[in-house]
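The file input-v4.txt comes next; it holds compact mmCIF, C-alpha atoms and all ligand atoms.
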# COMPACT_ATOMS: atom_id res chain seq x y z
CA MET A 1109 97.73 129.30 111.36
CA THR A 1110 100.12 131.39 109.29
CA LEU A 1111 103.59 130.13 108.49
CA LEU A 1112 106.25 132.82 108.99
CA ASP A 1113 108.17 132.37 105.77
CA GLY A 1114 111.70 133.48 106.56
CA LYS A 1115 112.93 132.27 103.20
CA GLN A 1116 110.50 134.52 101.34
CA ILE A 1117 111.03 137.58 103.58
CA ALA A 1118 114.81 137.16 103.39
CA ALA A 1119 114.58 137.08 99.57
CA GLU A 1120 112.57 140.32 99.63
CA ILE A 1121 115.15 141.99 101.89
CA ARG A 1122 118.01 140.79 99.67
CA ALA A 1123 116.28 142.39 96.68
CA GLU A 1124 115.98 145.66 98.65
CA LEU A 1125 119.65 145.48 99.65
CA ARG A 1126 120.71 144.81 96.07
CA THR A 1127 118.87 147.92 94.92
CA GLN A 1128 120.49 150.02 97.66
CA ILE A 1129 123.99 148.72 96.90
CA GLU A 1130 123.56 149.18 93.15
CA ALA A 1131 122.60 152.80 93.83
CA ILE A 1132 125.74 153.27 95.96
CA VAL A 1133 128.02 151.74 93.33
CA ALA A 1134 126.35 153.85 90.61
CA THR A 1135 127.63 156.95 92.41
CA GLY A 1136 131.20 155.71 91.97
CA ARG A 1137 131.72 154.43 95.51
CA ARG A 1138 133.09 150.95 96.06
CA ALA A 1139 130.77 148.14 97.16
CA PRO A 1140 130.63 147.14 100.86
CA LYS A 1141 133.14 144.46 101.82
CA LEU A 1142 132.69 141.66 104.37
CA ALA A 1143 135.35 139.19 105.56
CA ILE A 1144 134.44 135.85 107.09
CA VAL A 1145 137.04 134.14 109.24
CA ILE A 1146 136.65 130.39 109.68
CA VAL A 1147 138.89 128.12 111.71
CA GLY A 1148 138.98 124.36 111.09
CA HIS A 1149 136.50 122.21 109.17
CA ASN A 1150 133.30 122.03 111.22
CA PRO A 1151 130.77 120.83 108.57
CA ALA A 1152 127.90 122.98 109.89
CA SER A 1153 130.14 126.06 110.00
CA GLU A 1154 131.36 125.41 106.45
CA THR A 1155 127.73 125.23 105.27
CA TYR A 1156 126.83 128.48 107.08
CA VAL A 1157 129.85 130.26 105.60
CA ALA A 1158 129.04 129.03 102.09
CA ASN A 1159 125.46 130.31 102.48
CA LYS A 1160 126.69 133.69 103.72
CA LEU A 1161 129.12 134.05 100.78
CA LYS A 1162 126.32 133.18 98.34
CA ALA A 1163 123.97 135.73 99.91
CA CYS A 1164 126.66 138.43 99.74
CA ALA A 1165 127.21 137.75 96.04
CA GLU A 1166 123.48 138.02 95.41
CA VAL A 1167 123.21 141.55 96.86
CA GLY A 1168 126.56 142.89 95.60
CA ILE A 1169 128.57 142.78 98.85
CA CYS A 1170 132.19 141.75 98.18
CA ALA A 1171 132.90 138.86 100.51
CA GLU A 1172 136.20 137.25 101.36
CA LYS A 1173 136.60 133.93 103.16
CA ILE A 1174 139.72 133.75 105.35
CA ALA A 1175 140.27 130.14 106.42
CA PHE A 1176 142.70 128.82 109.01
CA GLU A 1177 143.51 125.31 110.13
CA ASP A 1178 142.57 124.09 113.62
CA SER A 1179 146.23 124.40 114.57
CA ILE A 1180 146.15 128.23 114.57
CA THR A 1181 146.94 129.57 118.04
CA GLU A 1182 144.89 132.16 119.91
CA ALA A 1183 147.77 134.64 119.58
CA GLN A 1184 147.94 134.12 115.80
CA LEU A 1185 144.18 134.56 115.46
CA LEU A 1186 144.37 137.76 117.51
CA GLU A 1187 146.99 139.03 115.04
CA GLU A 1188 144.59 138.33 112.16
CA VAL A 1189 141.82 140.17 114.00
CA ALA A 1190 144.14 143.16 114.49
CA LYS A 1191 144.90 143.13 110.73
CA LEU A 1192 141.20 143.14 109.87
CA ASN A 1193 140.56 145.97 112.35
CA ALA A 1194 143.24 148.04 110.57
CA ASP A 1195 142.21 147.18 107.00
CA ASN A 1196 140.30 150.16 105.59
CA ASP A 1197 138.93 148.08 102.71
CA ILE A 1198 137.02 145.80 105.10
CA ASP A 1199 133.79 147.34 106.37
CA GLY A 1200 132.82 144.44 108.57
CA TYR A 1201 133.88 140.93 109.45
CA ILE A 1202 132.79 137.95 111.48
CA VAL A 1203 134.64 135.13 113.13
CA GLN A 1204 132.50 132.05 112.54
CA LEU A 1205 131.72 130.23 115.80
CA PRO A 1206 132.37 127.80 117.35
CA LEU A 1207 136.15 128.09 117.57
CA PRO A 1208 138.39 125.14 118.54
CA SER A 1209 138.52 124.59 122.29
CA HIS A 1210 142.11 125.92 122.67
CA ILE A 1211 140.92 129.38 121.56
CA ASN A 1212 138.89 131.51 123.97
CA GLU A 1213 135.93 132.81 121.94
CA GLN A 1214 135.34 135.74 124.27
CA THR A 1215 138.97 136.86 123.95
CA ILE A 1216 138.65 136.88 120.16
CA LEU A 1217 135.24 138.57 120.09
CA SER A 1218 136.42 141.25 122.52
CA ALA A 1219 139.33 142.10 120.17
CA ILE A 1220 137.05 142.89 117.20
CA ASP A 1221 136.58 146.61 116.48
CA TYR A 1222 132.90 147.09 117.38
CA ARG A 1223 132.36 149.28 114.31
CA LYS A 1224 133.25 146.26 112.14
CA ASP A 1225 131.49 143.71 114.37
CA VAL A 1226 128.67 142.79 111.96
CA ASP A 1227 127.69 139.81 114.12
CA GLY A 1228 126.97 142.27 116.93
CA LEU A 1229 128.73 140.13 119.53
CA THR A 1230 131.42 142.44 120.97
CA PRO A 1231 130.92 143.70 124.53
CA GLU A 1232 130.68 147.24 123.09
CA ASN A 1233 127.81 146.42 120.74
CA VAL A 1234 125.96 144.34 123.31
CA GLY A 1235 126.40 147.10 125.92
CA ARG A 1236 125.24 149.76 123.49
CA THR A 1237 122.19 147.65 122.64
CA VAL A 1238 121.38 147.29 126.35
CA GLN A 1239 121.69 151.05 126.81
CA GLY A 1240 119.56 151.80 123.76
CA LEU A 1241 122.44 153.46 121.90
CA PRO A 1242 122.97 152.99 118.15
CA SER A 1243 124.62 149.60 117.79
CA ILE A 1244 125.07 146.65 115.52
CA VAL A 1245 122.55 144.11 116.78
CA SER A 1246 123.28 140.40 116.88
CA ALA A 1247 122.12 138.89 113.58
CA THR A 1248 119.60 136.30 114.82
CA PRO A 1249 117.63 138.62 117.15
CA ARG A 1250 117.72 141.28 114.45
CA GLY A 1251 116.34 138.78 111.93
CA ILE A 1252 113.57 137.66 114.29
CA SER A 1253 112.64 141.29 114.95
CA GLU A 1254 112.48 141.95 111.22
CA LEU A 1255 110.34 138.84 110.67
CA LEU A 1256 107.85 139.86 113.38
CA SER A 1257 107.80 143.38 111.98
CA ARG A 1258 107.15 142.34 108.40
CA TYR A 1259 104.24 140.13 109.49
CA HIS A 1260 102.90 143.02 111.64
CA ILE A 1261 103.08 140.94 114.81
CA ALA A 1262 103.10 143.52 117.59
CA THR A 1263 105.01 142.80 120.78
CA GLU A 1264 103.85 145.88 122.70
CA GLY A 1265 102.12 144.84 125.91
CA LYS A 1266 102.56 141.17 125.04
CA HIS A 1267 104.11 138.52 127.28
CA VAL A 1268 107.07 137.05 125.41
CA VAL A 1269 108.81 133.97 126.76
CA VAL A 1270 112.39 133.55 125.52
CA ILE A 1271 113.81 130.07 126.12
CA GLY A 1272 117.61 130.25 126.12
CA ARG A 1273 120.03 132.79 127.59
CA SER A 1274 122.99 132.64 125.19
CA ASN A 1275 124.92 135.78 124.29
CA ILE A 1276 124.12 135.33 120.59
CA VAL A 1277 120.36 134.72 120.75
CA GLY A 1278 118.49 134.62 124.06
CA LYS A 1279 119.95 137.62 125.90
CA PRO A 1280 120.00 140.14 123.01
CA MET A 1281 116.54 138.97 121.90
CA ALA A 1282 115.14 139.65 125.36
CA ILE A 1283 116.76 143.11 125.41
CA LEU A 1284 115.26 144.12 122.05
CA LEU A 1285 111.82 142.91 123.09
CA MET A 1286 111.67 144.76 126.38
CA GLN A 1287 113.13 148.03 125.11
CA ARG A 1288 111.30 151.12 124.04
CA PRO A 1289 111.10 150.73 120.24
CA TYR A 1290 113.23 152.75 117.82
CA LEU A 1291 116.19 152.81 120.16
CA THR A 1292 118.38 150.26 118.47
CA LEU A 1293 116.61 149.28 115.27
CA PRO A 1294 115.21 152.55 113.93
CA ARG A 1295 114.01 151.10 110.64
CA LEU A 1296 111.70 148.56 112.21
CA SER A 1297 108.07 149.27 112.94
CA ALA A 1298 107.47 150.62 116.44
CA ALA A 1299 104.34 148.54 116.64
CA ALA A 1300 106.21 145.33 116.09
CA VAL A 1301 109.32 145.22 118.28
CA GLY A 1302 109.77 146.30 121.86
CA ASN A 1303 107.57 147.26 124.81
CA ALA A 1304 107.01 143.58 125.61
CA THR A 1305 106.98 141.97 129.03
CA VAL A 1306 109.71 139.39 128.79
CA THR A 1307 110.41 136.20 130.71
CA ILE A 1308 113.74 134.48 130.08
CA CYS A 1309 113.91 130.73 130.72
CA HIS A 1310 116.86 128.33 130.71
CA SER A 1311 117.77 124.79 131.66
CA LYS A 1312 117.35 125.49 135.38
CA THR A 1313 113.85 126.95 134.99
CA SER A 1314 111.62 124.71 137.09
CA ASN A 1315 108.15 125.39 135.64
CA LEU A 1316 108.79 125.91 131.93
CA LYS A 1317 105.42 124.52 130.83
CA GLN A 1318 103.39 126.80 133.14
CA ILE A 1319 105.41 129.87 132.05
CA CYS A 1320 105.03 129.04 128.36
CA LEU A 1321 101.27 128.62 128.78
CA THR A 1322 101.07 132.31 129.78
CA ALA A 1323 103.00 133.46 126.68
CA ASP A 1324 101.57 135.39 123.77
CA ILE A 1325 104.84 134.76 121.93
CA ILE A 1326 107.39 131.99 122.57
CA ILE A 1327 110.90 132.33 121.14
CA VAL A 1328 112.90 129.18 121.70
CA ALA A 1329 116.68 128.96 121.19
CA ALA A 1330 117.72 125.93 123.22
CA GLY A 1331 119.20 123.47 120.72
CA SER A 1332 116.94 120.76 122.15
CA PRO A 1333 114.76 119.10 119.48
CA ALA A 1334 110.99 119.15 120.16
CA LEU A 1335 111.46 120.84 123.56
CA VAL A 1336 108.28 122.88 123.03
CA THR A 1337 105.30 120.54 122.86
CA ALA A 1338 101.62 121.22 122.17
CA ASP A 1339 100.64 121.15 125.85
CA MET A 1340 103.01 124.10 126.50
CA VAL A 1341 101.43 126.44 123.97
CA ARG A 1342 98.15 128.28 124.33
CA GLU A 1343 95.69 128.69 121.45
CA GLY A 1344 96.54 131.66 119.23
CA ALA A 1345 100.15 132.02 120.36
CA THR A 1346 103.05 132.91 118.10
CA VAL A 1347 106.00 130.50 118.16
CA ILE A 1348 109.46 131.35 116.83
CA ASP A 1349 111.77 128.34 116.57
CA VAL A 1350 115.46 129.26 116.47
CA GLY A 1351 116.81 125.77 117.14
CA ILE A 1352 118.81 123.92 114.53
CA THR A 1353 120.06 120.47 115.48
CA ARG A 1354 121.37 117.88 113.06
CA VAL A 1355 119.66 114.58 113.85
CA GLU A 1356 120.48 111.30 112.16
CA ASP A 1357 118.03 110.35 109.43
CA ALA A 1358 118.70 107.25 107.34
CA ASN A 1359 116.02 108.38 104.85
CA SER A 1360 117.84 111.60 104.02
CA PRO A 1361 120.57 111.55 101.32
CA LYS A 1362 122.77 113.57 103.69
CA GLY A 1363 122.22 111.08 106.53
CA TYR A 1364 120.73 113.76 108.76
CA ARG A 1365 117.89 116.26 108.93
CA LEU A 1366 117.61 119.62 110.67
CA ALA A 1367 115.38 119.62 113.74
CA GLY A 1368 114.00 122.68 115.47
CA ASP A 1369 113.22 123.11 119.16
CA VAL A 1370 109.46 122.85 118.55
CA ASP A 1371 107.33 119.76 117.99
CA PHE A 1372 106.09 121.47 114.83
CA ASP A 1373 103.34 119.09 113.68
CA ALA A 1374 101.61 119.10 117.07
CA VAL A 1375 102.19 122.76 117.94
CA ALA A 1376 101.41 124.43 114.59
CA PRO A 1377 97.60 123.85 114.64
CA LYS A 1378 97.36 125.81 117.94
CA CYS A 1379 99.33 128.80 116.68
CA ALA A 1380 98.38 132.08 115.07
CA PHE A 1381 101.91 132.25 113.61
CA ILE A 1382 104.81 129.81 113.62
CA THR A 1383 108.22 129.54 111.94
CA PRO A 1384 109.28 126.35 110.18
CA VAL A 1385 112.72 124.73 110.49
CA PRO A 1386 114.36 125.05 108.08
CA GLY A 1387 113.13 128.17 106.27
CA GLY A 1388 112.17 130.33 109.24
CA VAL A 1389 114.77 132.07 111.39
CA GLY A 1390 117.85 130.68 109.56
CA PRO A 1391 117.49 132.74 106.33
CA MET A 1392 116.64 135.83 108.44
CA THR A 1393 119.92 135.47 110.35
CA ILE A 1394 121.91 135.49 107.12
CA VAL A 1395 120.10 138.47 105.66
CA SER A 1396 120.60 140.37 108.94
CA LEU A 1397 124.34 139.89 108.53
CA LEU A 1398 124.04 141.58 105.13
CA GLN A 1399 122.02 144.43 106.64
CA ASN A 1400 124.60 144.82 109.42
CA THR A 1401 127.39 144.93 106.82
CA LEU A 1402 125.66 147.73 104.92
CA GLN A 1403 125.09 149.54 108.24
CA ALA A 1404 128.82 149.29 109.06
CA TYR A 1405 129.73 150.48 105.54
CA ASN A 1406 127.44 153.48 105.80
CA LYS A 1407 129.04 154.43 109.13
CA GLN A 1408 132.61 154.34 107.74
P1 LIG A 1501 123.45 127.75 123.57
O1 LIG A 1501 124.51 128.76 123.74
O2 LIG A 1501 123.75 126.30 123.75
O3 LIG A 1501 122.27 128.14 124.57
C1 LIG A 1501 121.16 127.32 124.72
C2 LIG A 1501 120.29 127.89 125.81
O4 LIG A 1501 119.13 127.08 125.93
C3 LIG A 1501 120.96 127.90 127.18
O5 LIG A 1501 120.66 129.11 127.84
C4 LIG A 1501 120.33 126.71 127.90
O6 LIG A 1501 120.21 126.89 129.30
C5 LIG A 1501 118.96 126.68 127.26
N1 LIG A 1501 118.41 125.33 127.29
C6 LIG A 1501 118.96 124.21 126.79
N2 LIG A 1501 118.16 123.15 127.02
C7 LIG A 1501 117.08 123.62 127.67
C8 LIG A 1501 115.90 123.03 128.21
N3 LIG A 1501 115.68 121.71 128.11
N4 LIG A 1501 115.00 123.82 128.83
C9 LIG A 1501 115.21 125.15 128.93
N5 LIG A 1501 116.31 125.78 128.45
C10 LIG A 1501 117.23 125.01 127.84
O7 LIG A 1501 122.76 127.86 122.15
P2 LIG A 1501 122.55 129.09 121.13
O8 LIG A 1501 123.83 129.43 120.50
O9 LIG A 1501 121.71 130.16 121.75
O10 LIG A 1501 121.67 128.32 120.04
C11 LIG A 1501 120.45 127.70 120.38
C12 LIG A 1501 119.92 126.94 119.19
O11 LIG A 1501 119.67 127.86 118.15
C13 LIG A 1501 120.89 125.92 118.59
O12 LIG A 1501 120.15 124.83 118.07
C14 LIG A 1501 121.57 126.68 117.47
O13 LIG A 1501 122.04 125.82 116.45
C15 LIG A 1501 120.41 127.50 116.99
N6 LIG A 1501 120.76 128.74 116.31
C16 LIG A 1501 120.10 129.00 115.16
C17 LIG A 1501 120.33 130.18 114.49
C18 LIG A 1501 119.54 130.45 113.26
O14 LIG A 1501 119.92 131.31 112.50
N7 LIG A 1501 118.42 129.76 113.05
C19 LIG A 1501 121.26 131.10 114.98
C20 LIG A 1501 121.90 130.82 116.18
C21 LIG A 1501 121.64 129.63 116.85
P3 LIG A 1501 121.51 127.05 130.27
O15 LIG A 1501 122.00 128.46 130.06
O16 LIG A 1501 120.95 126.85 131.62
O17 LIG A 1501 122.48 126.02 129.83

Translate this structure into structure tokens?
Ligand code: NAP
Amino acid sequence: MTLLDGKQIAAEIRAELRTQIEAIVATGRRAPKLAIVIVGHNPASETYVANKLKACAEVGICAEKIAFEDSITEAQLLEEVAKLNADNDIDGYIVQLPLPSHINEQTILSAIDYRKDVDGLTPENVGRTVQGLPSIVSATPRGISELLSRYHIATEGKHVVVIGRSNIVGKPMAILLMQRPYLTLPRLSAAAVGNATVTICHSKTSNLKQICLTADIIIVAAGSPALVTADMVREGATVIDVGITRVEDANSPKGYRLAGDVDFDAVAPKCAFITPVPGGVGPMTIVSLLQNTLQAYNKQ
């Protein structure tokens, strides 16, 4: 069994990005700039934003945090989005999700200029990804694709089971996997991403275990700790665990630990490759945001 070390691969990619950005700045151009909009004080969101700001600093991307209280209205947030769309100094920005319940996330995402949408969540970017046009790809699927690619795990001709059908993970992941390679992510290895036969499962799927047992690769993004158990995974499969759930843990100084969607200890011995949680997909998602920001900068 080989552990897919997202932490290590993300560090390598950050070093590559730093070199590229230093070369840009050496020519006299300004550094890429990312803005991160956060509303309220969701502890998990605050941690994610802090990690994103730290990663930006490491590679030389200027990053600005724009924080609003929960009381901001949808109309006010739309005004801020319009300002960011018009600001020529901002190459890309994200609105950290989730938003408070009085704000419609889809309304906000749809208002983001797709050329600055470095989370790849606007209808334009998703539609362009579906059609195989150049697009900014959602950060988590992009990170998983990069991880598979860098470990030379080919998806061509393989049966990949994606558990979860969210707009941010499951759906775009399935699209990338089933596409002809090179359409949306030209820098990735053709051997690694695309040309797969994809099955998408969700909470209404009636025979999840039987479907998973036919998978060469399982990618699970359900937010349901230990959903994937050893009896669902065939020998030699690859398992990518996207799930991150905070579960209470009296033994941890923080009072909680992060749980993935895979029963790791039981599943890992059966696998050819498996991601840990934490240290697998999470760091790849953050580094993909940096890659998307540089992509948006280069397009400006
Ligand atoms: P989401 O929007 O809640 O979607 C979860 C999906 O999983 C839904 O399609 C749901 O089915 C399906 N599902 C839930 N329980 C299931 C079950 N028992 N059997 C089969 N399918 C089930 O979540 P998300 O935003 O995609 O995130 C999923 C998980 O990944 C969360 O833990 C999140 O924190 C994590 N995440 C991690 C990263 C990272 O960088 N590592 C990035 C993004 C998200 P229905 O559609 O039928 O409800």

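Between CA of Ala1334 in chain A and atom O13 of ligand LIG 1501 (chain A) lies a distance of 13.4 Å.
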
Please produce, as JSON lines, a per-residue contact table for chain A versus ligand LIG 1501 (chain A) (criterion: any atom at most 9 Å away, all atoms listed in the file considered), showing the nearest atom pair and its distance in Å to one decimal, sorted by chain then residue number.
{"residue": "A:Ala1247", "atom": "CA", "partner": "A:LIG1501", "partner_atom": "C19", "distance": 8.0}
{"residue": "A:Thr1248", "atom": "CA", "partner": "A:LIG1501", "partner_atom": "C19", "distance": 5.5}
{"residue": "A:Pro1249", "atom": "CA", "partner": "A:LIG1501", "partner_atom": "C19", "distance": 8.6}
{"residue": "A:Gly1251", "atom": "CA", "partner": "A:LIG1501", "partner_atom": "O14", "distance": 8.3}
{"residue": "A:Ile1271", "atom": "CA", "partner": "A:LIG1501", "partner_atom": "N5", "distance": 5.5}
{"residue": "A:Gly1272", "atom": "CA", "partner": "A:LIG1501", "partner_atom": "O4", "distance": 3.5}
{"residue": "A:Arg1273", "atom": "CA", "partner": "A:LIG1501", "partner_atom": "O5", "distance": 3.7}
{"residue": "A:Ser1274", "atom": "CA", "partner": "A:LIG1501", "partner_atom": "O1", "distance": 4.4}
{"residue": "A:Asn1275", "atom": "CA", "partner": "A:LIG1501", "partner_atom": "O9", "distance": 7.0}
{"residue": "A:Ile1276", "atom": "CA", "partner": "A:LIG1501", "partner_atom": "O9", "distance": 5.8}
{"residue": "A:Val1277", "atom": "CA", "partner": "A:LIG1501", "partner_atom": "O9", "distance": 4.9}
{"residue": "A:Gly1278", "atom": "CA", "partner": "A:LIG1501", "partner_atom": "O9", "distance": 6.0}
{"residue": "A:Lys1279", "atom": "CA", "partner": "A:LIG1501", "partner_atom": "O9", "distance": 8.7}
{"residue": "A:Cys1309", "atom": "CA", "partner": "A:LIG1501", "partner_atom": "N5", "distance": 6.0}
{"residue": "A:His1310", "atom": "CA", "partner": "A:LIG1501", "partner_atom": "N5", "distance": 3.5}
{"residue": "A:Ser1311", "atom": "CA", "partner": "A:LIG1501", "partner_atom": "N5", "distance": 3.7}
{"residue": "A:Lys1312", "atom": "CA", "partner": "A:LIG1501", "partner_atom": "O16", "distance": 5.4}
{"residue": "A:Thr1313", "atom": "CA", "partner": "A:LIG1501", "partner_atom": "C9", "distance": 6.5}
{"residue": "A:Ser1314", "atom": "CA", "partner": "A:LIG1501", "partner_atom": "C9", "distance": 8.9}
{"residue": "A:Leu1316", "atom": "CA", "partner": "A:LIG1501", "partner_atom": "C9", "distance": 7.1}
{"residue": "A:Val1328", "atom": "CA", "partner": "A:LIG1501", "partner_atom": "O11", "distance": 7.8}
{"residue": "A:Ala1329", "atom": "CA", "partner": "A:LIG1501", "partner_atom": "C11", "distance": 4.1}
{"residue": "A:Ala1330", "atom": "CA", "partner": "A:LIG1501", "partner_atom": "O4", "distance": 3.3}
{"residue": "A:Gly1331", "atom": "CA", "partner": "A:LIG1501", "partner_atom": "O12", "distance": 3.1}
{"residue": "A:Ser1332", "atom": "CA", "partner": "A:LIG1501", "partner_atom": "N2", "distance": 5.6}
{"residue": "A:Pro1333", "atom": "CA", "partner": "A:LIG1501", "partner_atom": "O12", "distance": 8.0}
{"residue": "A:Leu1335", "atom": "CA", "partner": "A:LIG1501", "partner_atom": "N3", "distance": 6.3}
{"residue": "A:Val1336", "atom": "CA", "partner": "A:LIG1501", "partner_atom": "N4", "distance": 8.9}
{"residue": "A:Asp1349", "atom": "CA", "partner": "A:LIG1501", "partner_atom": "N7", "distance": 7.7}
{"residue": "A:Val1350", "atom": "CA", "partner": "A:LIG1501", "partner_atom": "N7", "distance": 4.6}
{"residue": "A:Gly1351", "atom": "CA", "partner": "A:LIG1501", "partner_atom": "O12", "distance": 3.6}
{"residue": "A:Ile1352", "atom": "CA", "partner": "A:LIG1501", "partner_atom": "O12", "distance": 3.9}
{"residue": "A:Thr1353", "atom": "CA", "partner": "A:LIG1501", "partner_atom": "O12", "distance": 5.1}
{"residue": "A:Arg1354", "atom": "CA", "partner": "A:LIG1501", "partner_atom": "O12", "distance": 8.7}
{"residue": "A:Ala1367", "atom": "CA", "partner": "A:LIG1501", "partner_atom": "O12", "distance": 8.3}
{"residue": "A:Gly1368", "atom": "CA", "partner": "A:LIG1501", "partner_atom": "O12", "distance": 7.0}
{"residue": "A:Asp1369", "atom": "CA", "partner": "A:LIG1501", "partner_atom": "O12", "distance": 7.2}
{"residue": "A:Val1385", "atom": "CA", "partner": "A:LIG1501", "partner_atom": "N7", "distance": 8.0}
{"residue": "A:Pro1386", "atom": "CA", "partner": "A:LIG1501", "partner_atom": "N7", "distance": 8.0}
{"residue": "A:Gly1387", "atom": "CA", "partner": "A:LIG1501", "partner_atom": "N7", "distance": 8.7}
{"residue": "A:Gly1388", "atom": "CA", "partner": "A:LIG1501", "partner_atom": "N7", "distance": 7.3}
{"residue": "A:Val1389", "atom": "CA", "partner": "A:LIG1501", "partner_atom": "N7", "distance": 4.6}
{"residue": "A:Gly1390", "atom": "CA", "partner": "A:LIG1501", "partner_atom": "O14", "distance": 3.7}
{"residue": "A:Pro1391", "atom": "CA", "partner": "A:LIG1501", "partner_atom": "O14", "distance": 6.8}
{"residue": "A:Met1392", "atom": "CA", "partner": "A:LIG1501", "partner_atom": "O14", "distance": 6.9}
{"residue": "A:Thr1393", "atom": "CA", "partner": "A:LIG1501", "partner_atom": "O14", "distance": 4.7}
{"residue": "A:Ile1394", "atom": "CA", "partner": "A:LIG1501", "partner_atom": "O14", "distance": 7.1}

Would you output that residue set with C-alpha atoms, as a PDB file, in the frame of the given file?
ATOM      1  CA  ALA A1247     122.120 138.890 113.580  1.00  0.00           C
ATOM      2  CA  THR A1248     119.600 136.300 114.820  1.00  0.00           C
ATOM      3  CA  PRO A1249     117.630 138.620 117.150  1.00  0.00           C
ATOM      4  CA  GLY A1251     116.340 138.780 111.930  1.00  0.00           C
ATOM      5  CA  ILE A1271     113.810 130.070 126.120  1.00  0.00           C
ATOM      6  CA  GLY A1272     117.610 130.250 126.120  1.00  0.00           C
ATOM      7  CA  ARG A1273     120.030 132.790 127.590  1.00  0.00           C
ATOM      8  CA  SER A1274     122.990 132.640 125.190  1.00  0.00           C
ATOM      9  CA  ASN A1275     124.920 135.780 124.290  1.00  0.00           C
ATOM     10  CA  ILE A1276     124.120 135.330 120.590  1.00  0.00           C
ATOM     11  CA  VAL A1277     120.360 134.720 120.750  1.00  0.00           C
ATOM     12  CA  GLY A1278     118.490 134.620 124.060  1.00  0.00           C
ATOM     13  CA  LYS A1279     119.950 137.620 125.900  1.00  0.00           C
ATOM     14  CA  CYS A1309     113.910 130.730 130.720  1.00  0.00           C
ATOM     15  CA  HIS A1310     116.860 128.330 130.710  1.00  0.00           C
ATOM     16  CA  SER A1311     117.770 124.790 131.660  1.00  0.00           C
ATOM     17  CA  LYS A1312     117.350 125.490 135.380  1.00  0.00           C
ATOM     18  CA  THR A1313     113.850 126.950 134.990  1.00  0.00           C
ATOM     19  CA  SER A1314     111.620 124.710 137.090  1.00  0.00           C
ATOM     20  CA  LEU A1316     108.790 125.910 131.930  1.00  0.00           C
ATOM     21  CA  VAL A1328     112.900 129.180 121.700  1.00  0.00           C
ATOM     22  CA  ALA A1329     116.680 128.960 121.190  1.00  0.00           C
ATOM     23  CA  ALA A1330     117.720 125.930 123.220  1.00  0.00           C
ATOM     24  CA  GLY A1331     119.200 123.470 120.720  1.00  0.00           C
ATOM     25  CA  SER A1332     116.940 120.760 122.150  1.00  0.00           C
ATOM     26  CA  PRO A1333     114.760 119.100 119.480  1.00  0.00           C
ATOM     27  CA  LEU A1335     111.460 120.840 123.560  1.00  0.00           C
ATOM     28  CA  VAL A1336     108.280 122.880 123.030  1.00  0.00           C
ATOM     29  CA  ASP A1349     111.770 128.340 116.570  1.00  0.00           C
ATOM     30  CA  VAL A1350     115.460 129.260 116.470  1.00  0.00           C
ATOM     31  CA  GLY A1351     116.810 125.770 117.140  1.00  0.00           C
ATOM     32  CA  ILE A1352     118.810 123.920 114.530  1.00  0.00           C
ATOM     33  CA  THR A1353     120.060 120.470 115.480  1.00  0.00           C
ATOM     34  CA  ARG A1354     121.370 117.880 113.060  1.00  0.00           C
ATOM     35  CA  ALA A1367     115.380 119.620 113.740  1.00  0.00           C
ATOM     36  CA  GLY A1368     114.000 122.680 115.470  1.00  0.00           C
ATOM     37  CA  ASP A1369     113.220 123.110 119.160  1.00  0.00           C
ATOM     38  CA  VAL A1385     112.720 124.730 110.490  1.00  0.00           C
ATOM     39  CA  PRO A1386     114.360 125.050 108.080  1.00  0.00           C
ATOM     40  CA  GLY A1387     113.130 128.170 106.270  1.00  0.00           C
ATOM     41  CA  GLY A1388     112.170 130.330 109.240  1.00  0.00           C
ATOM     42  CA  VAL A1389     114.770 132.070 111.390  1.00  0.00           C
ATOM     43  CA  GLY A1390     117.850 130.680 109.560  1.00  0.00           C
ATOM     44  CA  PRO A1391     117.490 132.740 106.330  1.00  0.00           C
ATOM     45  CA  MET A1392     116.640 135.830 108.440  1.00  0.00           C
ATOM     46  CA  THR A1393     119.920 135.470 110.350  1.00  0.00           C
ATOM     47  CA  ILE A1394     121.910 135.490 107.120  1.00  0.00           C
TER      48      ILE A1394
END

Give one line per residue of range 1219-1308 of chain A that approaches range 1203-1213 of chain A to at most 10 Å, naming the two atoms of the closest pair and their distance in Å to one decimal, counting all atoms listed in the file; sort by chain then ascending residue number and deliver it as a Markdown table.
| residue | atom | partner | partner_atom | distance |
| --- | --- | --- | --- | --- |
| A:Ile1220 | CA | A:Val1203 | CA | 9.1 |
| A:Asp1225 | CA | A:Val1203 | CA | 9.2 |
| A:Val1226 | CA | A:Val1203 | CA | 9.8 |
| A:Asp1227 | CA | A:Val1203 | CA | 8.4 |

With C-alpha atoms retained, write the just-selected residues as a compact mmCIF listing (two decimals), in the coordinates of the input.
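Once written, out18.txt looks like this:
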# COMPACT_ATOMS: atom_id res chain seq x y z
CA ILE A 1220 137.05 142.89 117.20
CA ASP A 1225 131.49 143.71 114.37
CA VAL A 1226 128.67 142.79 111.96
CA ASP A 1227 127.69 139.81 114.12

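Distance annotation: of A:Ala1262, A:Ala1358, A:Ala1131, A:Ala1175, the residue with the minimal separation from Asn1150 in chain A is A:Ala1175; atom set is all atoms listed in the file.
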
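Counting from CA of Ala1165 in chain A, the distance to CA of Lys1407 in chain A is 21.3 Å.
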